[in-house]
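A.B. asks: This one is entry.tsv, TSV, C-alpha atoms.
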```tsv
chain	number	residue	atom	x	y	z
A	1	MET	CA	77.54	170.41	170.13
A	2	MET	CA	77.21	168.33	173.31
A	3	LYS	CA	78.51	170.00	176.46
A	4	ILE	CA	81.26	168.16	178.36
A	5	PHE	CA	80.09	169.45	181.74
A	6	PRO	CA	76.52	169.80	183.03
A	7	PRO	CA	74.98	173.28	182.77
A	8	THR	CA	76.07	175.66	185.51
A	9	GLN	CA	73.72	177.97	187.35
A	10	ILE	CA	74.95	180.85	185.23
A	11	ASP	CA	74.13	178.86	182.07
A	12	GLN	CA	70.55	178.55	183.24
A	13	ILE	CA	70.39	182.30	183.79
A	14	LEU	CA	71.80	183.05	180.33
A	15	GLU	CA	69.33	180.71	178.65
A	16	LYS	CA	66.49	182.73	180.13
A	17	ASN	CA	68.07	186.03	179.09
A	18	THR	CA	66.95	186.55	175.51
A	19	LEU	CA	68.29	190.12	175.19
A	20	LEU	CA	71.98	189.30	175.27
A	21	LYS	CA	72.99	192.83	174.35
A	22	SER	CA	71.36	194.21	177.50
A	23	PRO	CA	72.91	194.09	180.98
A	24	VAL	CA	71.86	191.12	183.10
A	25	ASP	CA	69.54	192.04	185.95
A	26	LEU	CA	71.31	191.58	189.26
A	27	ASN	CA	68.22	190.08	190.88
A	28	ARG	CA	68.53	187.07	188.58
A	29	LEU	CA	71.99	186.35	189.94
A	30	LEU	CA	70.92	186.80	193.54
A	31	ASN	CA	68.02	184.42	193.08
A	32	HIS	CA	70.46	181.68	192.11
A	33	TYR	CA	73.15	182.30	194.70
A	34	SER	CA	73.21	181.98	198.46
A	35	PRO	CA	75.88	183.48	200.73
A	36	ASN	CA	78.87	181.17	201.13
A	37	SER	CA	79.28	180.23	204.78
A	38	ASP	CA	83.11	180.16	204.69
A	39	GLY	CA	83.66	182.71	201.90
A	40	ILE	CA	85.93	180.31	199.98
A	41	ASN	CA	85.62	179.11	196.38
A	42	VAL	CA	87.43	176.04	195.07
A	43	PHE	CA	89.75	176.92	192.18
A	44	ASP	CA	92.48	175.25	190.17
A	45	PHE	CA	95.12	177.87	190.94
A	46	ASP	CA	97.26	176.85	187.97
A	47	GLN	CA	94.54	178.26	185.70
A	48	LEU	CA	94.11	181.60	187.50
A	49	GLU	CA	95.69	184.79	186.21
A	50	THR	CA	97.96	185.93	189.03
A	51	ASP	CA	97.63	189.60	188.11
A	52	LYS	CA	93.93	189.37	189.00
A	53	ILE	CA	94.48	188.09	192.55
A	54	PHE	CA	94.31	190.80	195.21
A	55	HIS	CA	94.63	190.78	198.99
A	56	LEU	CA	92.09	192.60	201.13
A	57	VAL	CA	94.77	195.12	202.14
A	58	GLN	CA	95.33	196.05	198.49
A	59	ILE	CA	91.59	196.34	197.88
A	60	LYS	CA	91.19	198.56	200.95
A	61	LYS	CA	93.95	200.90	199.73
A	62	VAL	CA	92.33	201.24	196.29
A	63	CYS	CA	88.94	201.94	197.88
A	64	ILE	CA	90.44	204.63	200.10
A	65	ASP	CA	92.43	206.23	197.26
A	66	TYR	CA	89.45	206.38	194.90
A	67	ARG	CA	86.60	206.67	197.45
A	68	LEU	CA	84.98	203.36	196.52
A	69	ARG	CA	83.18	200.70	198.54
A	70	PHE	CA	83.76	196.96	198.67
A	71	LEU	CA	80.51	195.19	199.59
A	72	ASP	CA	78.57	191.99	199.00
A	73	ILE	CA	76.85	191.83	195.63
A	74	LYS	CA	73.43	191.75	197.29
A	75	TYR	CA	73.81	195.45	198.13
A	76	PHE	CA	74.54	196.40	194.52
A	77	LYS	CA	71.60	198.16	192.83
A	78	GLY	CA	72.79	198.18	189.24
A	79	ASN	CA	73.01	195.59	186.46
A	80	ILE	CA	75.78	193.10	185.76
A	81	PRO	CA	77.06	193.32	182.15
A	82	LYS	CA	76.72	190.31	179.89
A	83	GLU	CA	80.52	190.08	179.60
A	84	ALA	CA	80.90	189.67	183.37
A	85	VAL	CA	78.31	186.88	183.48
A	86	GLN	CA	80.03	185.12	180.59
A	87	LYS	CA	83.35	185.26	182.48
A	88	ILE	CA	81.67	183.74	185.54
A	89	THR	CA	80.28	180.97	183.35
A	90	GLN	CA	83.68	180.25	181.85
A	91	LEU	CA	85.36	180.20	185.28
A	92	GLU	CA	82.76	177.75	186.58
A	93	LYS	CA	83.36	175.45	183.60
A	94	ASP	CA	87.16	175.70	183.72
A	95	HIS	CA	87.32	174.98	187.44
A	96	ARG	CA	84.32	172.64	187.64
A	97	THR	CA	82.80	174.59	190.51
A	98	THR	CA	79.96	176.94	191.39
A	99	LEU	CA	81.14	180.42	192.37
A	100	ASP	CA	79.63	182.19	195.33
A	101	GLY	CA	80.22	185.07	197.74
A	102	PHE	CA	80.59	187.74	195.04
A	103	LYS	CA	81.87	191.19	196.02
A	104	ILE	CA	81.54	194.49	194.17
A	105	MET	CA	83.96	197.43	194.30
A	106	ALA	CA	82.09	200.55	193.20
A	107	PRO	CA	81.18	204.14	194.13
A	108	SER	CA	78.75	204.50	197.02
A	109	VAL	CA	75.92	205.70	194.81
A	110	LEU	CA	75.82	202.36	193.00
A	111	PHE	CA	74.85	200.64	196.22
A	112	ARG	CA	71.73	202.80	196.48
A	113	LEU	CA	70.72	204.06	193.03
A	114	LYS	CA	71.36	203.17	189.42
A	115	LYS	CA	74.10	205.45	188.14
A	116	THR	CA	76.61	205.41	185.31
A	117	ASP	CA	79.63	204.83	187.58
A	118	ASP	CA	81.41	201.58	186.82
A	119	PRO	CA	82.34	198.84	189.33
A	120	LEU	CA	84.63	195.80	189.63
A	121	LEU	CA	83.39	192.25	190.32
A	122	PHE	CA	85.38	189.98	192.68
A	123	VAL	CA	84.99	186.47	194.07
A	124	PRO	CA	86.71	185.30	197.31
A	125	LEU	CA	89.60	182.81	197.24
A	126	GLY	CA	90.01	182.52	201.01
A	127	ASN	CA	92.51	183.99	203.51
A	128	ASP	CA	91.39	187.52	202.55
A	129	TYR	CA	92.37	187.04	198.91
A	130	PHE	CA	89.98	187.90	196.07
A	131	TYR	CA	89.96	187.20	192.35
A	132	LEU	CA	88.98	189.97	189.93
A	133	ILE	CA	86.46	188.56	187.46
A	134	HIS	CA	85.49	191.64	185.48
A	135	LYS	CA	85.94	195.41	185.45
A	136	TRP	CA	83.77	197.68	183.39
A	137	GLY	CA	84.17	201.43	183.02
A	138	ASP	CA	86.82	203.84	184.25
A	139	ASP	CA	86.29	204.34	187.98
A	140	MET	CA	90.00	204.34	188.77
A	141	SER	CA	91.05	207.26	186.62
A	142	PHE	CA	93.57	209.88	187.74
A	143	PHE	CA	90.78	212.46	188.02
A	144	ARG	CA	88.75	210.33	190.43
A	145	LYS	CA	91.83	209.71	192.57
A	146	ALA	CA	92.56	213.45	192.66
A	147	TRP	CA	88.92	214.17	193.54
A	148	ALA	CA	88.97	211.59	196.35
A	149	TRP	CA	92.33	212.67	197.82
A	150	PRO	CA	90.94	215.38	200.17
A	151	PHE	CA	88.53	212.86	201.69
A	152	LYS	CA	91.23	210.40	202.83
A	153	ASN	CA	91.69	212.15	206.19
A	154	ILE	CA	91.23	215.45	208.02
A	155	TRP	CA	94.73	216.70	207.16
A	156	ASN	CA	94.25	216.19	203.43
A	157	LEU	CA	90.94	218.03	203.65
A	158	LEU	CA	92.52	220.90	205.59
A	159	LEU	CA	95.34	221.21	203.05
A	160	ALA	CA	92.83	221.15	200.18
A	161	VAL	CA	90.80	223.93	201.80
A	162	LEU	CA	93.97	226.00	202.31
A	163	VAL	CA	94.98	225.58	198.65
A	164	VAL	CA	91.50	226.46	197.35
A	165	SER	CA	91.37	229.47	199.68
A	166	PHE	CA	94.75	230.66	198.45
A	167	LEU	CA	93.75	230.32	194.79
A	168	ALA	CA	90.45	232.08	195.46
A	169	THR	CA	92.35	234.92	197.11
A	170	LEU	CA	94.72	235.23	194.15
A	171	ILE	CA	91.90	235.67	191.63
A	172	THR	CA	89.92	238.09	193.84
A	173	PRO	CA	90.49	241.78	192.96
A	174	TYR	CA	91.19	242.77	196.58
A	175	GLN	CA	91.94	246.32	195.43
A	176	ILE	CA	88.20	246.96	195.64
A	177	PHE	CA	88.44	246.62	199.44
A	178	THR	CA	91.15	249.22	199.90
A	179	LYS	CA	92.80	252.03	197.99
A	180	THR	CA	96.24	251.06	199.26
A	181	PRO	CA	96.54	247.26	198.87
A	182	SER	CA	99.39	245.61	200.73
A	183	SER	CA	100.54	242.18	201.80
A	184	SER	CA	98.49	242.46	204.99
A	185	THR	CA	95.38	243.09	202.86
A	186	PHE	CA	96.09	239.92	200.91
A	187	TRP	CA	96.47	237.78	204.03
A	188	MET	CA	93.37	239.25	205.64
A	189	LEU	CA	91.38	238.39	202.52
A	190	PHE	CA	92.96	234.93	202.51
A	191	PHE	CA	91.87	234.41	206.13
A	192	PHE	CA	88.33	235.48	205.21
A	193	MET	CA	88.30	233.10	202.22
A	194	PHE	CA	89.57	230.24	204.37
A	195	LYS	CA	86.85	230.77	206.99
A	196	ALA	CA	84.14	230.96	204.33
A	197	ILE	CA	85.24	227.84	202.42
A	198	ALA	CA	85.91	225.87	205.61
A	199	SER	CA	82.43	226.75	206.89
A	200	ILE	CA	80.86	225.52	203.65
A	201	VAL	CA	82.84	222.27	203.80
A	202	LEU	CA	81.89	221.67	207.45
A	203	PHE	CA	78.23	222.40	206.80
A	204	TYR	CA	78.23	220.11	203.76
A	205	GLY	CA	79.93	217.33	205.71
A	206	PHE	CA	77.67	217.47	208.78
A	207	ALA	CA	74.43	218.18	206.95
A	208	LEU	CA	74.83	215.27	204.52
A	209	GLY	CA	76.47	212.86	206.94
A	210	LYS	CA	79.72	212.58	204.98
A	211	ASN	CA	82.69	210.59	206.28
A	212	PHE	CA	86.31	209.99	205.34
A	213	ASN	CA	87.33	207.21	202.95
A	214	PRO	CA	88.82	204.80	205.55
A	215	ALA	CA	85.51	204.79	207.44
A	216	ILE	CA	83.28	203.89	204.49
A	217	TRP	CA	85.23	201.56	202.18
A	218	ASN	CA	83.49	198.44	203.53
A	219	ASN	CA	80.58	200.03	205.39
A	220	ARG	CA	77.09	199.61	203.94
A	221	TYR	CA	75.46	202.07	206.34
A	222	ASP	CA	77.43	205.33	206.10
A	223	LYS	CA	76.43	207.94	203.55
A	224	THR	CA	78.77	208.93	200.74
```
In structure tokens, how does this file's structure come out?

C.D. replies:
Amino acid sequence: MMKIFPPTQIDQILEKNTLLKSPVDLNRLLNHYSPNSDGINVFDFDQLETDKIFHLVQIKKVCIDYRLRFLDIKYFKGNIPKEAVQKITQLEKDHRTTLDGFKIMAPSVLFRLKKTDDPLLFVPLGNDYFYLIHKWGDDMSFFRKAWAWPFKNIWNLLLAVLVVSFLATLITPYQIFTKTPSSSTFWMLFFFMFKAIASIVLFYGFALGKNFNPAIWNNRYDKT
């Protein structure tokens, strides 16, 4: 069947990709796209799904809540699924445009090494608005949000250390430290547990160069 519109850049990439069941190598996309100088793509807004349009403030909040990063696609080290590339192709045909300036929301490790964590693919609309093209995986589960909560700020981390210390004290048979256990024995053991766990957390944070979520969500240099 004859195509109504001329082949897009994504079409040319797909024609060269014979293993359609395999993820598309990111380098192939980067070779065909150059950074957009104004970060704006031309869309027919009547055809866009409004529930997939997000402002940068919303994206920042999600990144902080789930400890994710929002960076240019050129920093992404993984593969783009075939489904995502097909959606890009369809968007380009529907809107008669060539998309550019792609952004990826993903865990930090995916911007350095290939891992199994799953990202989200965005394209800029202008005025700090972005359109969600494709999401694969389950990076925004309740468990990830709970895991990332202590890293939102110093107070969350302190509260998390206090709770873990308290639970560790509860399960410790502190009767082995004294023949006459009392409430003061419990709180002394709790204080010891808190110091030990806090020391481990501080050492881990400084030794590995960790930072809090608000400082890394759009930073390509900080460690995880």

A.B. asks: Can you work out which one of A:Phe212, A:Lys135, A:Phe143, A:Tyr204 has the shortest atom-to-atom distance to Trp155 in chain A, counting all atoms listed in the file?

C.D. replies: A:Phe212

A.B. asks: Quick one: residues within 12 Å of Phe142 in chain A, only C-alpha atoms counted, chain neighbours fewer than 5 positions away excluded, as a list in words?

C.D. replies: Asp65, Tyr66, Trp147, Ala148 and Trp149 of chain A

A.B. asks: Rank A:Pro107, A:Pro173, A:Gly101, A:Gly205 by their smallest atom-to-atom distance to Arg67 in chain A, using all atoms listed in the file, and report the top residue only.

C.D. replies: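 With all atoms listed in the file as the atom set, the closest residue is A:Pro107.
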
A.B. asks: I'd like to know which of A:Lys195, A:His134, A:Lys179, A:Lys145 is closest to Ala84 in chain A, using all atoms listed in the file.

C.D. replies: A:His134

A.B. asks: Interatomic distance between CA of His55 in chain A and CA of Phe70 in chain A?

C.D. replies: 12.5 Å

A.B. asks: Would you list the residues near (85.7, 201.5, 203.2), meaning any protein, DNA or RNA residue with an atom at most 7 Å from that point in file coordinates, counting all atoms listed in the file, as a PyMOL selection string?

C.D. replies: chain A and resi 60+63-64+68-70+213-219

A.B. asks: Using all atoms listed in the file for the distances, tell me which of A:Ile197, A:Ala106, A:Val62, A:Leu99 is nearest to Gly78 in chain A.

C.D. replies: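 Closest to Gly78 in chain A, using all atoms listed in the file: A:Ala106.
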
A.B. asks: What is the CA of Ser184 in chain A-CA of Ser165 in chain A distance in Å, reported with one decimal?

C.D. replies: 15.7 Å

A.B. asks: Which of these residues is nearest to Lys74 in chain A, using only C-alpha atoms: A:Asp100, A:Ile133, A:Phe166, A:Phe151?

C.D. replies: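 For Lys74 in chain A, the nearest of the given residues is A:Asp100.
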
A.B. asks: Figure out the distance between CA of Gln47 in chain A and CA of Lys61 in chain A, please, to one decimal in Å.

C.D. replies: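 Interatomic distance, CA of Lys61 in chain A to CA of Gln47 in chain A: 26.6 Å.
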
A.B. asks: How would you write as a ChimeraX atom specification the residues that get within 7 Å of (82.5, 190.8, 192.9) in the file's frame, counting all atoms listed in the file?

C.D. replies: /A:73,102-105,120-123

A.B. asks: Take range 62-89 of chain A, model N, CA and C atoms, and hand the result over as a compact mmCIF listing (two decimals), keeping the file's coordinate frame.

C.D. replies:
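Listing of result-v6.txt after writing:
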```
# COMPACT_ATOMS: atom_id res chain seq x y z
N VAL A 62 92.95 200.70 197.51
CA VAL A 62 92.33 201.24 196.29
C VAL A 62 91.01 201.94 196.62
N CYS A 63 90.22 201.33 197.49
CA CYS A 63 88.94 201.94 197.88
C CYS A 63 89.15 203.29 198.55
N ILE A 64 90.16 203.38 199.41
CA ILE A 64 90.44 204.63 200.10
C ILE A 64 90.96 205.69 199.13
N ASP A 65 91.85 205.27 198.22
CA ASP A 65 92.43 206.23 197.26
C ASP A 65 91.39 206.79 196.29
N TYR A 66 90.42 205.97 195.91
CA TYR A 66 89.45 206.38 194.90
C TYR A 66 88.04 206.59 195.45
N ARG A 67 87.89 206.51 196.78
CA ARG A 67 86.60 206.67 197.45
C ARG A 67 85.56 205.70 196.87
N LEU A 68 85.87 204.42 196.97
CA LEU A 68 84.98 203.36 196.52
C LEU A 68 84.57 202.51 197.71
N ARG A 69 83.59 201.65 197.50
CA ARG A 69 83.18 200.70 198.54
C ARG A 69 83.34 199.28 198.03
N PHE A 70 83.58 198.37 198.99
CA PHE A 70 83.76 196.96 198.67
C PHE A 70 82.75 196.16 199.49
N LEU A 71 81.62 195.80 198.86
CA LEU A 71 80.51 195.19 199.59
C LEU A 71 80.00 193.94 198.87
N ASP A 72 79.20 193.17 199.60
CA ASP A 72 78.57 191.99 199.00
C ASP A 72 77.70 192.40 197.82
N ILE A 73 77.60 191.51 196.85
CA ILE A 73 76.85 191.83 195.63
C ILE A 73 75.38 192.09 195.91
N LYS A 74 74.85 191.56 197.01
CA LYS A 74 73.43 191.75 197.29
C LYS A 74 73.07 193.21 197.55
N TYR A 75 74.07 194.03 197.89
CA TYR A 75 73.81 195.45 198.13
C TYR A 75 73.91 196.28 196.86
N PHE A 76 74.36 195.68 195.78
CA PHE A 76 74.54 196.40 194.52
C PHE A 76 73.19 196.59 193.84
N LYS A 77 72.91 197.82 193.39
CA LYS A 77 71.60 198.16 192.83
C LYS A 77 71.60 198.29 191.32
N GLY A 78 72.72 198.02 190.69
CA GLY A 78 72.79 198.18 189.24
C GLY A 78 72.58 196.87 188.50
N ASN A 79 73.08 196.79 187.29
CA ASN A 79 73.01 195.59 186.46
C ASN A 79 74.41 195.05 186.22
N ILE A 80 74.50 193.74 186.08
CA ILE A 80 75.78 193.10 185.76
C ILE A 80 75.87 192.94 184.24
N PRO A 81 76.94 193.44 183.61
CA PRO A 81 77.06 193.32 182.15
C PRO A 81 77.12 191.87 181.69
N LYS A 82 76.70 191.65 180.47
CA LYS A 82 76.72 190.31 179.89
C LYS A 82 78.13 189.73 179.91
N GLU A 83 79.15 190.56 179.64
CA GLU A 83 80.52 190.08 179.60
C GLU A 83 80.96 189.51 180.95
N ALA A 84 80.53 190.15 182.04
CA ALA A 84 80.90 189.67 183.37
C ALA A 84 80.27 188.31 183.65
N VAL A 85 79.00 188.15 183.26
CA VAL A 85 78.31 186.88 183.48
C VAL A 85 78.96 185.77 182.64
N GLN A 86 79.37 186.11 181.44
CA GLN A 86 80.03 185.12 180.59
C GLN A 86 81.36 184.67 181.20
N LYS A 87 82.08 185.61 181.83
CA LYS A 87 83.35 185.26 182.48
C LYS A 87 83.10 184.35 183.68
N ILE A 88 82.02 184.62 184.42
CA ILE A 88 81.67 183.74 185.54
C ILE A 88 81.38 182.34 185.02
N THR A 89 80.61 182.27 183.95
CA THR A 89 80.28 180.97 183.35
C THR A 89 81.52 180.21 182.95
```
